[in-house]
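Everything below concerns the one structure shown next.
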Amino acid sequence: MTTDDLTAGAPVHTPAGSGEWWRDAVIYQVYPRSFADGNGDGTGDLPGVTAKLDHLAQLGVDAVWLSPFYRSPQKDAGYDVADYRDIDPLFGTLADFDEMLAGAHERGLKVIVDLVPNHSSDQHAWFQEALAAAPGSAERERYMFRDGRGPAGDEVPNNWQSIFGGPAWTRLAPREDDGPLGPQWYLHLFDSTQPDLNWDNPEVRAEFEDVLRFWLDRGVDGFRVDVAHGMIKAAGLPDWDGQVAMVEGTVEEATDPAAPEDGSTGAGNRGPMFDQDGVHDIYRAWHKVLAEYDGDRCLVAEAWVEPLSRLARYVRPDEMHQAFNFSFLTAPWDAATVRTVVNASLSTMEAVGAPTTWVLSNHDVVRHASRFGLDEIGGRQLNGIGATDPQPDAALGLRRARAATLLMLGLPGSAYMYQGEELGLPDHTALPDDVRQDPSFFRTNGAEPGRDGCRVPLPWVGGAPGNGFGPTGKTWLPQPDVYAELAADQQYGVKGSTYEMYRAALGLRRAENLGAGALAWVDSLADHPDVVALRVADVVVVANLGASPFALPAGAQVLVASGELDETSGELPSDTTVWLRA
Ligand code: GLC
């Protein structure tokens with residue numbers, strides 16, 4: 001092969017441009033309880049985040065998204081919010097938040113906070129008022145209360161299942177003033193401590209616009225919108241026999257980008273509780289609220305919808321600005337599928353003028369360094385790995401994870417990374433059941449291990465108590481042994497470390513303006529069964545997803561590689577990605 005064989009064809013899309021900062025930003029997810037512990041109680045906090053801002057600035061990301069830190073009983077790790085305008089004492093105070101925000105801005109980092117509008121905590125003042133009030137009252141109208149079915153009202157109002165397992169309805173305790181149908185039921189798509197809000201009620205809409213303003217006034221740069229596809233339910237709440245799930249595989253979409261939109265292919269999350277047209281009115285209203293503020297504030301949709309053309313509806317010009325691309329996250333380790341997902345992602349987002357995003361890991365799925373170590377199922381185990389499940393091949397997983405990341409960071413658009421992936425961290429895949437905290441583990445009676453494995457506190461100082469997570473060595477979940485050698489301090493400045501690979505790639509991505517570039521496929525490799533090869537700006541990205549080495553052209557300059565190259569043969573080993581100047 002010669003460098004001529006790396007000639008790329010015409011760009012497959014028009015770049016979404018680099019006007020607003022979020023169009024090509026790399027955004028780092030901080031999961032506050034597991035990032036860094038400032039006060040030594042074993043749980044991460046906002047002072048911990050502030051103390052580690054230099055790590056993020058030096059890594060070279062553009063922005064930080066923080067998972068919820070609001071006042072909460074923590075039944076779903078803070079995704080159960082009791083007060084949307086205050087910080088939970090576990091994480092600090094509003095003053096700590098302001099300090100963290102100022103520290104990030106000083107370092108040129110934007111800050112996105114998490115907004116959880118589909119449901120509140122059952123400890124939210126509104127829900128407590130609803131419990132005290134009568135059926136049909138204004139207080140109950142803020143949530144989804146219904147009478148039960150059957151003559152005594154003791155059957156669930158419909159057959160919907162909770163995403164965390166079990167029925168999506170819980171019945172209130174009996175009261176003396178109950179009518180013949182007895183106590184009402186309330187809807188919760190997630191845990192029973194997370195009652196769904198009634199978004200048909202204008203009071204709910206007004207409240208959340210006010211919450212947006214509260215944080216915008218404090219200076220945040222945007223919001224990640226939790227369960228953005230769930231707020232509006234089909235009128236009449238009809239029964240539905242489908243299976244609700246947060247994490248859907250989207251292979252159908254990936255292999256058939258022209259999948260019909262009637263739900264017959266890649267039909268995930270198309271039931272009457274998801275992706276209803278009415279949600280878009282909410283985002284149009286929010287878009288206007290953000291537009292009142294300076295500085296390109298943004299809304300990011302967490303919407304598990306398929307196919308991609310449905311997802312694109314969330315980022316039309318007058319709605320949100322970005323949506324997580326879960327089709328990329330769920331794609332198996334397969335060259336043809338990756339190309340198809342990349343093509344489909346770029347074209348569907350281009351059609352609405354939005355940037356494409358890319359993501360491989362977050363706090364809800366098995367980290368990609370573990371996922372890709374499960375070769376026999378193509379790395380598609382997303383929802384937790386338990387101690388008695390087949391265990392990933394750690395070396396294979398890390399090799400593929402680094403290759404997948406280097407491929408992702410070469411793609412135009414905006415990329416999300418999850419804390420600790422820059423260290424190559426795997427999940428804790430052998431957590432004992434008695435330390436698990438995820439409600440999905442309990443609501444499925446352990447059938448689903450849940451998400452605790454990807455939420456383990458980060459190692460900062462290898463071998464120190466708790467690997468330096470905080471001053472006391474306490475960690476709210478145990479760390480696996482391998483975290484000692486993967487700790488940040490073991491990787492800073494170490495040639496070939498995962499951290500240094502991320503830093504090099506992020507630096508080049510910025511210098512070469514890859515995020516704003518146009519992608520073109522390398523013609524001679526466009527149908528290669530194992531190799532994904534593309535050009536963005538002046539960089540050629542070649543990823544070898546196959547089992548055999550791939551001969552690189554002589555004379556190409558290697559900019560960064562995900563693994564060691566064979567210098568004498570000039571071959572790109574299996575499961576390795578390289579960026580070339582060719
Ligand atoms: C989102 C969050 C997840 C949470 C759920 C309910 O999917 O990412 O962690 O459990 O919403 O709020």
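For the structure tokens, the naming scheme is as follows: chains receive sequential letters (A, B, ...) according to their order of presentation, residues are indexed from 1 within each chain, and ligands are indexed from 1 in presentation order.
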Counting only C-alpha atoms and all ligand atoms, which protein, DNA or RNA residues come within 7 Å of ligand 1, given as a list of chain:residue names?
A:Asp76, A:Tyr79, A:Asp80, A:Val116, A:Phe190, A:Asp226, A:Val227, A:Met246, A:His363, A:Asp364
Resulting file, chosen residues, C-alpha atoms, as a PDB file, in the first residue's frame:
```
ATOM      1  CA  ASP A  76     -31.561   6.875  42.126  1.00  0.00           C
ATOM      2  CA  TYR A  79     -31.879  11.477  39.507  1.00  0.00           C
ATOM      3  CA  ASP A  80     -34.633  11.780  42.097  1.00  0.00           C
ATOM      4  CA  VAL A 116     -34.413  15.916  35.436  1.00  0.00           C
ATOM      5  CA  PHE A 190     -38.564   4.604  36.977  1.00  0.00           C
ATOM      6  CA  ASP A 226     -32.776  13.564  31.351  1.00  0.00           C
ATOM      7  CA  VAL A 227     -35.269  11.194  29.676  1.00  0.00           C
ATOM      8  CA  MET A 246     -33.581   2.697  28.790  1.00  0.00           C
ATOM      9  CA  HIS A 363     -23.056   6.329  34.027  1.00  0.00           C
ATOM     10  CA  ASP A 364     -25.852   4.061  32.734  1.00  0.00           C
TER      11      ASP A 364
END
```
Within 9 Å of Gln322 in chain A, counting only C-alpha atoms, which residues show up once you throw out same-chain ones fewer than 6 positions away? Write them as a PyMOL selection string, please.
chain A and resi 22-23+298-301+312+314-315+354-357+414
Using C-alpha atoms, can you write the selected residues to a file as a PDB file, in the first residue's frame?
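Result went into again-v5.pdb, see below:
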```pdb
ATOM      1  CA  TRP A  22     -21.019  23.153  21.404  1.00  0.00           C
ATOM      2  CA  ARG A  23     -20.947  22.266  17.711  1.00  0.00           C
ATOM      3  CA  CYS A 298     -27.248  24.701  24.948  1.00  0.00           C
ATOM      4  CA  LEU A 299     -29.682  21.856  25.559  1.00  0.00           C
ATOM      5  CA  VAL A 300     -28.572  18.252  25.141  1.00  0.00           C
ATOM      6  CA  ALA A 301     -31.176  15.515  24.800  1.00  0.00           C
ATOM      7  CA  ALA A 312     -32.992  14.290  14.796  1.00  0.00           C
ATOM      8  CA  TYR A 314     -35.114  16.756  19.024  1.00  0.00           C
ATOM      9  CA  VAL A 315     -32.415  18.955  17.507  1.00  0.00           C
ATOM     10  CA  ALA A 354     -27.390  20.005  14.085  1.00  0.00           C
ATOM     11  CA  PRO A 355     -23.934  18.657  14.927  1.00  0.00           C
ATOM     12  CA  THR A 356     -23.569  14.923  15.281  1.00  0.00           C
ATOM     13  CA  THR A 357     -22.438  13.711  18.685  1.00  0.00           C
ATOM     14  CA  SER A 414     -19.120  16.891  19.320  1.00  0.00           C
TER      15      SER A 414
END
```
Enumerate as an mmCIF file with C-alpha atoms, in the first residue's frame all residues of range 439-477 of chain A assigned to helix (DSSP H, G or I) by DSSP on the backbone, naming them with the chain letters and numbers the document uses.
```cif
data_model
loop_
_atom_site.group_PDB
_atom_site.id
_atom_site.type_symbol
_atom_site.label_atom_id
_atom_site.label_comp_id
_atom_site.auth_asym_id
_atom_site.auth_seq_id
_atom_site.Cartn_x
_atom_site.Cartn_y
_atom_site.Cartn_z
ATOM 1 C CA PRO A 439 -32.641 0.562 42.104
ATOM 2 C CA SER A 440 -32.731 -1.485 38.887
ATOM 3 C CA PHE A 441 -30.872 -4.278 40.726
ATOM 4 C CA PHE A 442 -33.493 -4.335 43.490
ATOM 5 C CA ARG A 443 -36.554 -3.883 41.284
ATOM 6 C CA ASP A 452 -23.056 0.382 39.966
ATOM 7 C CA GLY A 453 -20.111 -1.228 38.170
ATOM 8 C CA CYS A 454 -19.479 1.852 36.014
ATOM 9 C CA PRO A 465 -5.943 4.461 50.547
ATOM 10 C CA GLY A 466 -8.946 4.477 48.199
ATOM 11 C CA ASN A 467 -6.395 5.173 45.465
ATOM 12 C CA GLY A 468 -6.522 8.823 46.463
#
```
Using only C-alpha atoms, determine which residues lie at most 12 Å from Gly165 in chain A, disregarding the query and same-chain residues fewer than 3 positions distant; provide the list as a list in words.
Trp160, Gln161, Ser162, Ala168, Trp169, His188, Leu189, Phe190, Asp191, Ser192, Gln243, Val244, Ala245, Met246, Asp438, Pro439, Ser440, Phe441, Phe442, Arg443, Thr444, Asn445, Gly446, Ala447, Glu448 and Gly450 of chain A
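Look at Trp240 in chain A: the protein and nucleic acid residues within 7 Å of it, using only C-alpha atoms and passing over chain neighbours fewer than 2 places away, are Asn159, Trp160, Pro238, Gly242 and Gly271 of chain A.
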Which residues are near range 481-488 of chain A? Cut-off 7 Å, only C-alpha atoms, ignore same chain within fewer than 4 positions. Put them as a VMD selection string.
chain A and resid 423 425 459 to 463 467 492
List every residue of range 293-523 of chain A that DSSP, applied to the backbone of this structure, places in strand (DSSP E or B), and write the result as a ChimeraX atom specification.
/A:298-301,322-323,357-359,414-418,519-522
Could you turn the residues from that selection into a file that holds N, CA and C atoms, as a PDB file, in the first residue's frame?
```
ATOM      1  N   CYS A 298     -26.747  25.815  25.761  1.00  0.00           N
ATOM      2  CA  CYS A 298     -27.248  24.701  24.948  1.00  0.00           C
ATOM      3  C   CYS A 298     -28.047  23.677  25.752  1.00  0.00           C
ATOM      4  N   LEU A 299     -28.864  22.946  25.011  1.00  0.00           N
ATOM      5  CA  LEU A 299     -29.682  21.856  25.559  1.00  0.00           C
ATOM      6  C   LEU A 299     -29.256  20.559  24.877  1.00  0.00           C
ATOM      7  N   VAL A 300     -29.014  19.545  25.664  1.00  0.00           N
ATOM      8  CA  VAL A 300     -28.572  18.252  25.141  1.00  0.00           C
ATOM      9  C   VAL A 300     -29.606  17.201  25.514  1.00  0.00           C
ATOM     10  N   ALA A 301     -30.118  16.499  24.539  1.00  0.00           N
ATOM     11  CA  ALA A 301     -31.176  15.515  24.800  1.00  0.00           C
ATOM     12  C   ALA A 301     -30.607  14.153  25.149  1.00  0.00           C
ATOM     13  N   GLN A 322     -28.187  19.540  20.810  1.00  0.00           N
ATOM     14  CA  GLN A 322     -27.487  18.270  20.600  1.00  0.00           C
ATOM     15  C   GLN A 322     -28.328  17.140  21.178  1.00  0.00           C
ATOM     16  N   ALA A 323     -28.064  15.920  20.698  1.00  0.00           N
ATOM     17  CA  ALA A 323     -28.665  14.727  21.318  1.00  0.00           C
ATOM     18  C   ALA A 323     -27.594  13.647  21.379  1.00  0.00           C
ATOM     19  N   THR A 357     -23.229  13.976  17.486  1.00  0.00           N
ATOM     20  CA  THR A 357     -22.438  13.711  18.685  1.00  0.00           C
ATOM     21  C   THR A 357     -21.993  12.254  18.664  1.00  0.00           C
ATOM     22  N   TRP A 358     -21.008  11.968  19.500  1.00  0.00           N
ATOM     23  CA  TRP A 358     -20.489  10.595  19.622  1.00  0.00           C
ATOM     24  C   TRP A 358     -20.291  10.311  21.098  1.00  0.00           C
ATOM     25  N   VAL A 359     -20.557   9.118  21.514  1.00  0.00           N
ATOM     26  CA  VAL A 359     -20.383   8.752  22.917  1.00  0.00           C
ATOM     27  C   VAL A 359     -20.164   7.247  23.006  1.00  0.00           C
ATOM     28  N   SER A 414     -19.405  16.737  17.903  1.00  0.00           N
ATOM     29  CA  SER A 414     -19.120  16.891  19.320  1.00  0.00           C
ATOM     30  C   SER A 414     -19.018  15.504  19.951  1.00  0.00           C
ATOM     31  N   ALA A 415     -18.082  15.339  20.885  1.00  0.00           N
ATOM     32  CA  ALA A 415     -17.906  14.014  21.492  1.00  0.00           C
ATOM     33  C   ALA A 415     -18.066  14.111  23.009  1.00  0.00           C
ATOM     34  N   TYR A 416     -18.667  13.093  23.576  1.00  0.00           N
ATOM     35  CA  TYR A 416     -18.827  13.003  25.029  1.00  0.00           C
ATOM     36  C   TYR A 416     -17.932  11.913  25.567  1.00  0.00           C
ATOM     37  N   MET A 417     -17.284  12.195  26.674  1.00  0.00           N
ATOM     38  CA  MET A 417     -16.549  11.132  27.350  1.00  0.00           C
ATOM     39  C   MET A 417     -16.959  11.066  28.820  1.00  0.00           C
ATOM     40  N   TYR A 418     -16.826   9.899  29.383  1.00  0.00           N
ATOM     41  CA  TYR A 418     -17.268   9.635  30.753  1.00  0.00           C
ATOM     42  C   TYR A 418     -16.046   9.562  31.660  1.00  0.00           C
ATOM     43  N   LEU A 519     -16.094  14.828   6.893  1.00  0.00           N
ATOM     44  CA  LEU A 519     -15.583  13.454   6.812  1.00  0.00           C
ATOM     45  C   LEU A 519     -15.696  12.922   5.392  1.00  0.00           C
ATOM     46  N   ALA A 520     -14.616  12.314   4.926  1.00  0.00           N
ATOM     47  CA  ALA A 520     -14.641  11.605   3.638  1.00  0.00           C
ATOM     48  C   ALA A 520     -14.040  10.222   3.856  1.00  0.00           C
ATOM     49  N   TRP A 521     -14.615   9.226   3.232  1.00  0.00           N
ATOM     50  CA  TRP A 521     -14.090   7.865   3.393  1.00  0.00           C
ATOM     51  C   TRP A 521     -12.908   7.655   2.467  1.00  0.00           C
ATOM     52  N   VAL A 522     -11.943   6.881   2.905  1.00  0.00           N
ATOM     53  CA  VAL A 522     -10.822   6.504   2.050  1.00  0.00           C
ATOM     54  C   VAL A 522     -11.345   5.500   1.019  1.00  0.00           C
TER      55      VAL A 522
END
```
Need the shell around Val338 in chain A: protein/DNA/RNA residues with any atom at most 12 Å away, counting only C-alpha atoms. Skip same-chain ones fewer than 2 positions apart. Format as a PDB file with N, CA, C and O atoms, in the first residue's frame?
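What landed in selection-v2.pdb:
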```pdb
ATOM      1  N   THR A 250     -29.315  -0.791  18.977  1.00  0.00           N
ATOM      2  CA  THR A 250     -29.863  -0.179  17.773  1.00  0.00           C
ATOM      3  C   THR A 250     -29.207  -0.768  16.535  1.00  0.00           C
ATOM      4  O   THR A 250     -28.956  -0.089  15.568  1.00  0.00           O
ATOM      5  N   VAL A 251     -28.924  -2.052  16.610  1.00  0.00           N
ATOM      6  CA  VAL A 251     -28.267  -2.683  15.476  1.00  0.00           C
ATOM      7  C   VAL A 251     -29.147  -2.629  14.233  1.00  0.00           C
ATOM      8  O   VAL A 251     -28.673  -2.429  13.121  1.00  0.00           O
ATOM      9  N   GLU A 253     -31.155  -0.352  13.329  1.00  0.00           N
ATOM     10  CA  GLU A 253     -30.951   0.969  12.734  1.00  0.00           C
ATOM     11  C   GLU A 253     -29.595   1.028  12.037  1.00  0.00           C
ATOM     12  O   GLU A 253     -29.456   1.547  10.933  1.00  0.00           O
ATOM     13  N   ALA A 254     -28.604   0.443  12.715  1.00  0.00           N
ATOM     14  CA  ALA A 254     -27.261   0.556  12.182  1.00  0.00           C
ATOM     15  C   ALA A 254     -27.130  -0.177  10.857  1.00  0.00           C
ATOM     16  O   ALA A 254     -26.464   0.286   9.936  1.00  0.00           O
ATOM     17  N   THR A 255     -27.752  -1.325  10.769  1.00  0.00           N
ATOM     18  CA  THR A 255     -27.594  -2.101   9.547  1.00  0.00           C
ATOM     19  C   THR A 255     -28.608  -1.691   8.490  1.00  0.00           C
ATOM     20  O   THR A 255     -28.460  -2.013   7.346  1.00  0.00           O
ATOM     21  N   PRO A 257     -30.153   1.823   7.710  1.00  0.00           N
ATOM     22  CA  PRO A 257     -30.427   3.222   8.035  1.00  0.00           C
ATOM     23  C   PRO A 257     -31.741   3.690   7.445  1.00  0.00           C
ATOM     24  O   PRO A 257     -32.294   4.711   7.860  1.00  0.00           O
ATOM     25  N   SER A 327     -26.856   5.275  19.062  1.00  0.00           N
ATOM     26  CA  SER A 327     -26.606   4.286  18.000  1.00  0.00           C
ATOM     27  C   SER A 327     -25.115   3.993  17.906  1.00  0.00           C
ATOM     28  O   SER A 327     -24.701   2.861  17.634  1.00  0.00           O
ATOM     29  N   PHE A 328     -24.304   5.018  18.119  1.00  0.00           N
ATOM     30  CA  PHE A 328     -22.844   4.815  18.085  1.00  0.00           C
ATOM     31  C   PHE A 328     -22.414   4.012  19.303  1.00  0.00           C
ATOM     32  O   PHE A 328     -21.645   3.062  19.207  1.00  0.00           O
ATOM     33  N   LEU A 329     -22.959   4.368  20.454  1.00  0.00           N
ATOM     34  CA  LEU A 329     -22.574   3.673  21.697  1.00  0.00           C
ATOM     35  C   LEU A 329     -22.923   2.186  21.640  1.00  0.00           C
ATOM     36  O   LEU A 329     -22.180   1.348  22.145  1.00  0.00           O
ATOM     37  N   THR A 330     -24.053   1.873  21.035  1.00  0.00           N
ATOM     38  CA  THR A 330     -24.501   0.470  21.051  1.00  0.00           C
ATOM     39  C   THR A 330     -23.985  -0.336  19.855  1.00  0.00           C
ATOM     40  O   THR A 330     -24.266  -1.529  19.760  1.00  0.00           O
ATOM     41  N   ALA A 331     -23.259   0.303  18.958  1.00  0.00           N
ATOM     42  CA  ALA A 331     -22.775  -0.443  17.787  1.00  0.00           C
ATOM     43  C   ALA A 331     -21.765  -1.503  18.203  1.00  0.00           C
ATOM     44  O   ALA A 331     -20.908  -1.251  19.041  1.00  0.00           O
ATOM     45  N   PRO A 332     -21.858  -2.689  17.625  1.00  0.00           N
ATOM     46  CA  PRO A 332     -20.863  -3.727  17.932  1.00  0.00           C
ATOM     47  C   PRO A 332     -19.518  -3.415  17.273  1.00  0.00           C
ATOM     48  O   PRO A 332     -19.422  -2.505  16.446  1.00  0.00           O
ATOM     49  N   TRP A 333     -18.499  -4.147  17.644  1.00  0.00           N
ATOM     50  CA  TRP A 333     -17.136  -3.947  17.135  1.00  0.00           C
ATOM     51  C   TRP A 333     -17.041  -4.562  15.747  1.00  0.00           C
ATOM     52  O   TRP A 333     -16.575  -5.682  15.579  1.00  0.00           O
ATOM     53  N   ASP A 334     -17.513  -3.830  14.772  1.00  0.00           N
ATOM     54  CA  ASP A 334     -17.630  -4.369  13.425  1.00  0.00           C
ATOM     55  C   ASP A 334     -17.509  -3.206  12.437  1.00  0.00           C
ATOM     56  O   ASP A 334     -18.246  -2.223  12.533  1.00  0.00           O
ATOM     57  N   ALA A 335     -16.573  -3.332  11.507  1.00  0.00           N
ATOM     58  CA  ALA A 335     -16.242  -2.197  10.641  1.00  0.00           C
ATOM     59  C   ALA A 335     -17.444  -1.718   9.824  1.00  0.00           C
ATOM     60  O   ALA A 335     -17.711  -0.516   9.742  1.00  0.00           O
ATOM     61  N   ALA A 336     -18.157  -2.652   9.217  1.00  0.00           N
ATOM     62  CA  ALA A 336     -19.276  -2.243   8.353  1.00  0.00           C
ATOM     63  C   ALA A 336     -20.338  -1.512   9.165  1.00  0.00           C
ATOM     64  O   ALA A 336     -20.900  -0.500   8.723  1.00  0.00           O
ATOM     65  N   THR A 340     -21.656   2.362   8.810  1.00  0.00           N
ATOM     66  CA  THR A 340     -23.070   2.652   8.566  1.00  0.00           C
ATOM     67  C   THR A 340     -23.609   3.633   9.608  1.00  0.00           C
ATOM     68  O   THR A 340     -24.336   4.576   9.272  1.00  0.00           O
ATOM     69  N   VAL A 341     -23.247   3.405  10.863  1.00  0.00           N
ATOM     70  CA  VAL A 341     -23.729   4.303  11.921  1.00  0.00           C
ATOM     71  C   VAL A 341     -23.174   5.710  11.716  1.00  0.00           C
ATOM     72  O   VAL A 341     -23.892   6.706  11.866  1.00  0.00           O
ATOM     73  N   VAL A 342     -21.888   5.788  11.361  1.00  0.00           N
ATOM     74  CA  VAL A 342     -21.285   7.112  11.159  1.00  0.00           C
ATOM     75  C   VAL A 342     -21.982   7.837  10.006  1.00  0.00           C
ATOM     76  O   VAL A 342     -22.386   9.002  10.126  1.00  0.00           O
ATOM     77  N   ASN A 343     -22.167   7.128   8.897  1.00  0.00           N
ATOM     78  CA  ASN A 343     -22.866   7.755   7.751  1.00  0.00           C
ATOM     79  C   ASN A 343     -24.269   8.215   8.127  1.00  0.00           C
ATOM     80  O   ASN A 343     -24.673   9.337   7.853  1.00  0.00           O
ATOM     81  N   ALA A 344     -25.015   7.307   8.774  1.00  0.00           N
ATOM     82  CA  ALA A 344     -26.406   7.625   9.112  1.00  0.00           C
ATOM     83  C   ALA A 344     -26.457   8.780  10.111  1.00  0.00           C
ATOM     84  O   ALA A 344     -27.310   9.671  10.024  1.00  0.00           O
ATOM     85  N   SER A 345     -25.522   8.803  11.050  1.00  0.00           N
ATOM     86  CA  SER A 345     -25.515   9.864  12.060  1.00  0.00           C
ATOM     87  C   SER A 345     -25.245  11.211  11.402  1.00  0.00           C
ATOM     88  O   SER A 345     -25.927  12.204  11.676  1.00  0.00           O
ATOM     89  N   TRP A 358     -21.008  11.968  19.500  1.00  0.00           N
ATOM     90  CA  TRP A 358     -20.489  10.595  19.622  1.00  0.00           C
ATOM     91  C   TRP A 358     -20.291  10.311  21.098  1.00  0.00           C
ATOM     92  O   TRP A 358     -19.896  11.192  21.855  1.00  0.00           O
ATOM     93  N   ALA A 404     -11.357   2.339  19.826  1.00  0.00           N
ATOM     94  CA  ALA A 404     -12.676   2.948  19.580  1.00  0.00           C
ATOM     95  C   ALA A 404     -12.648   4.434  19.911  1.00  0.00           C
ATOM     96  O   ALA A 404     -13.199   5.272  19.191  1.00  0.00           O
ATOM     97  N   LEU A 407     -10.793   6.406  17.300  1.00  0.00           N
ATOM     98  CA  LEU A 407     -11.670   6.561  16.132  1.00  0.00           C
ATOM     99  C   LEU A 407     -12.707   7.651  16.410  1.00  0.00           C
ATOM    100  O   LEU A 407     -12.921   8.560  15.609  1.00  0.00           O
ATOM    101  N   MET A 408     -13.320   7.587  17.579  1.00  0.00           N
ATOM    102  CA  MET A 408     -14.376   8.561  17.913  1.00  0.00           C
ATOM    103  C   MET A 408     -13.833   9.984  17.904  1.00  0.00           C
ATOM    104  O   MET A 408     -14.477  10.893  17.373  1.00  0.00           O
ATOM    105  N   LEU A 411     -13.677  11.901  14.662  1.00  0.00           N
ATOM    106  CA  LEU A 411     -14.901  12.180  13.901  1.00  0.00           C
ATOM    107  C   LEU A 411     -15.348  13.625  14.105  1.00  0.00           C
ATOM    108  O   LEU A 411     -15.213  14.177  15.192  1.00  0.00           O
ATOM    109  N   ALA A 526     -13.207   1.572   1.392  1.00  0.00           N
ATOM    110  CA  ALA A 526     -14.598   1.904   1.736  1.00  0.00           C
ATOM    111  C   ALA A 526     -15.442   0.673   2.072  1.00  0.00           C
ATOM    112  O   ALA A 526     -16.431   0.782   2.807  1.00  0.00           O
ATOM    113  N   ASP A 527     -15.071  -0.472   1.509  1.00  0.00           N
ATOM    114  CA  ASP A 527     -15.850  -1.688   1.793  1.00  0.00           C
ATOM    115  C   ASP A 527     -15.020  -2.736   2.515  1.00  0.00           C
ATOM    116  O   ASP A 527     -15.377  -3.912   2.535  1.00  0.00           O
ATOM    117  N   HIS A 528     -13.912  -2.334   3.069  1.00  0.00           N
ATOM    118  CA  HIS A 528     -13.033  -3.318   3.709  1.00  0.00           C
ATOM    119  C   HIS A 528     -13.767  -3.980   4.881  1.00  0.00           C
ATOM    120  O   HIS A 528     -14.425  -3.307   5.669  1.00  0.00           O
ATOM    121  N   PRO A 529     -13.669  -5.311   4.985  1.00  0.00           N
ATOM    122  CA  PRO A 529     -14.424  -5.983   6.050  1.00  0.00           C
ATOM    123  C   PRO A 529     -13.958  -5.640   7.471  1.00  0.00           C
ATOM    124  O   PRO A 529     -14.741  -5.755   8.413  1.00  0.00           O
ATOM    125  N   ASP A 530     -12.708  -5.211   7.623  1.00  0.00           N
ATOM    126  CA  ASP A 530     -12.181  -5.009   8.976  1.00  0.00           C
ATOM    127  C   ASP A 530     -11.683  -3.599   9.254  1.00  0.00           C
ATOM    128  O   ASP A 530     -11.450  -3.261  10.409  1.00  0.00           O
ATOM    129  N   VAL A 531     -11.451  -2.828   8.208  1.00  0.00           N
ATOM    130  CA  VAL A 531     -10.782  -1.544   8.396  1.00  0.00           C
ATOM    131  C   VAL A 531     -11.751  -0.386   8.142  1.00  0.00           C
ATOM    132  O   VAL A 531     -12.476  -0.384   7.153  1.00  0.00           O
ATOM    133  N   VAL A 532     -11.753   0.557   9.082  1.00  0.00           N
ATOM    134  CA  VAL A 532     -12.494   1.803   8.906  1.00  0.00           C
ATOM    135  C   VAL A 532     -11.452   2.878   8.647  1.00  0.00           C
ATOM    136  O   VAL A 532     -10.551   3.071   9.469  1.00  0.00           O
ATOM    137  N   ALA A 533     -11.538   3.550   7.495  1.00  0.00           N
ATOM    138  CA  ALA A 533     -10.521   4.548   7.149  1.00  0.00           C
ATOM    139  C   ALA A 533     -11.203   5.788   6.612  1.00  0.00           C
ATOM    140  O   ALA A 533     -12.048   5.706   5.713  1.00  0.00           O
ATOM    141  N   LEU A 534     -10.855   6.911   7.177  1.00  0.00           N
ATOM    142  CA  LEU A 534     -11.531   8.154   6.799  1.00  0.00           C
ATOM    143  C   LEU A 534     -10.568   9.313   6.916  1.00  0.00           C
ATOM    144  O   LEU A 534      -9.535   9.222   7.582  1.00  0.00           O
ATOM    145  N   ALA A 543      -8.660   2.627  11.426  1.00  0.00           N
ATOM    146  CA  ALA A 543      -8.930   1.728  12.557  1.00  0.00           C
ATOM    147  C   ALA A 543      -9.010   0.304  12.039  1.00  0.00           C
ATOM    148  O   ALA A 543      -9.731   0.029  11.072  1.00  0.00           O
ATOM    149  N   ASN A 544      -8.273  -0.581  12.680  1.00  0.00           N
ATOM    150  CA  ASN A 544      -8.294  -1.998  12.298  1.00  0.00           C
ATOM    151  C   ASN A 544      -9.117  -2.773  13.329  1.00  0.00           C
ATOM    152  O   ASN A 544      -8.655  -3.028  14.440  1.00  0.00           O
ATOM    153  N   LEU A 545     -10.341  -3.122  12.959  1.00  0.00           N
ATOM    154  CA  LEU A 545     -11.233  -3.829  13.879  1.00  0.00           C
ATOM    155  C   LEU A 545     -11.131  -5.344  13.699  1.00  0.00           C
ATOM    156  O   LEU A 545     -11.851  -6.097  14.352  1.00  0.00           O
TER     157      LEU A 545
END
```
Within 9 Å of range 19-21 of chain A, counting only C-alpha atoms, which residues show up once you throw out same-chain ones fewer than 6 positions away? Write them as a JSON list (two decimals) with N, CA and C atoms, in the first residue's frame, please.
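That gives us selection32.json:
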```json
[["chain", "number", "residue", "atom", "x", "y", "z"],
["A", 62, "ASP", "N", -13.30, 20.52, 26.34],
["A", 62, "ASP", "CA", -13.85, 21.87, 26.21],
["A", 62, "ASP", "C", -14.90, 22.18, 27.27],
["A", 110, "LYS", "N", -16.51, 25.11, 29.70],
["A", 110, "LYS", "CA", -17.94, 25.36, 29.84],
["A", 110, "LYS", "C", -18.52, 24.33, 30.82],
["A", 295, "GLY", "N", -24.06, 34.05, 25.09],
["A", 295, "GLY", "CA", -23.03, 33.01, 25.21],
["A", 295, "GLY", "C", -23.38, 31.62, 24.75],
["A", 296, "ASP", "N", -24.32, 31.46, 23.86],
["A", 296, "ASP", "CA", -24.58, 30.15, 23.26],
["A", 296, "ASP", "C", -24.84, 29.05, 24.29],
["A", 297, "ARG", "N", -25.86, 29.23, 25.09],
["A", 297, "ARG", "CA", -26.22, 28.17, 26.06],
["A", 297, "ARG", "C", -26.86, 27.03, 25.25]]
```
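Here CA of Thr348 in chain A is placed at a distance of 26.0 Å from CA of Trp579 in chain A.
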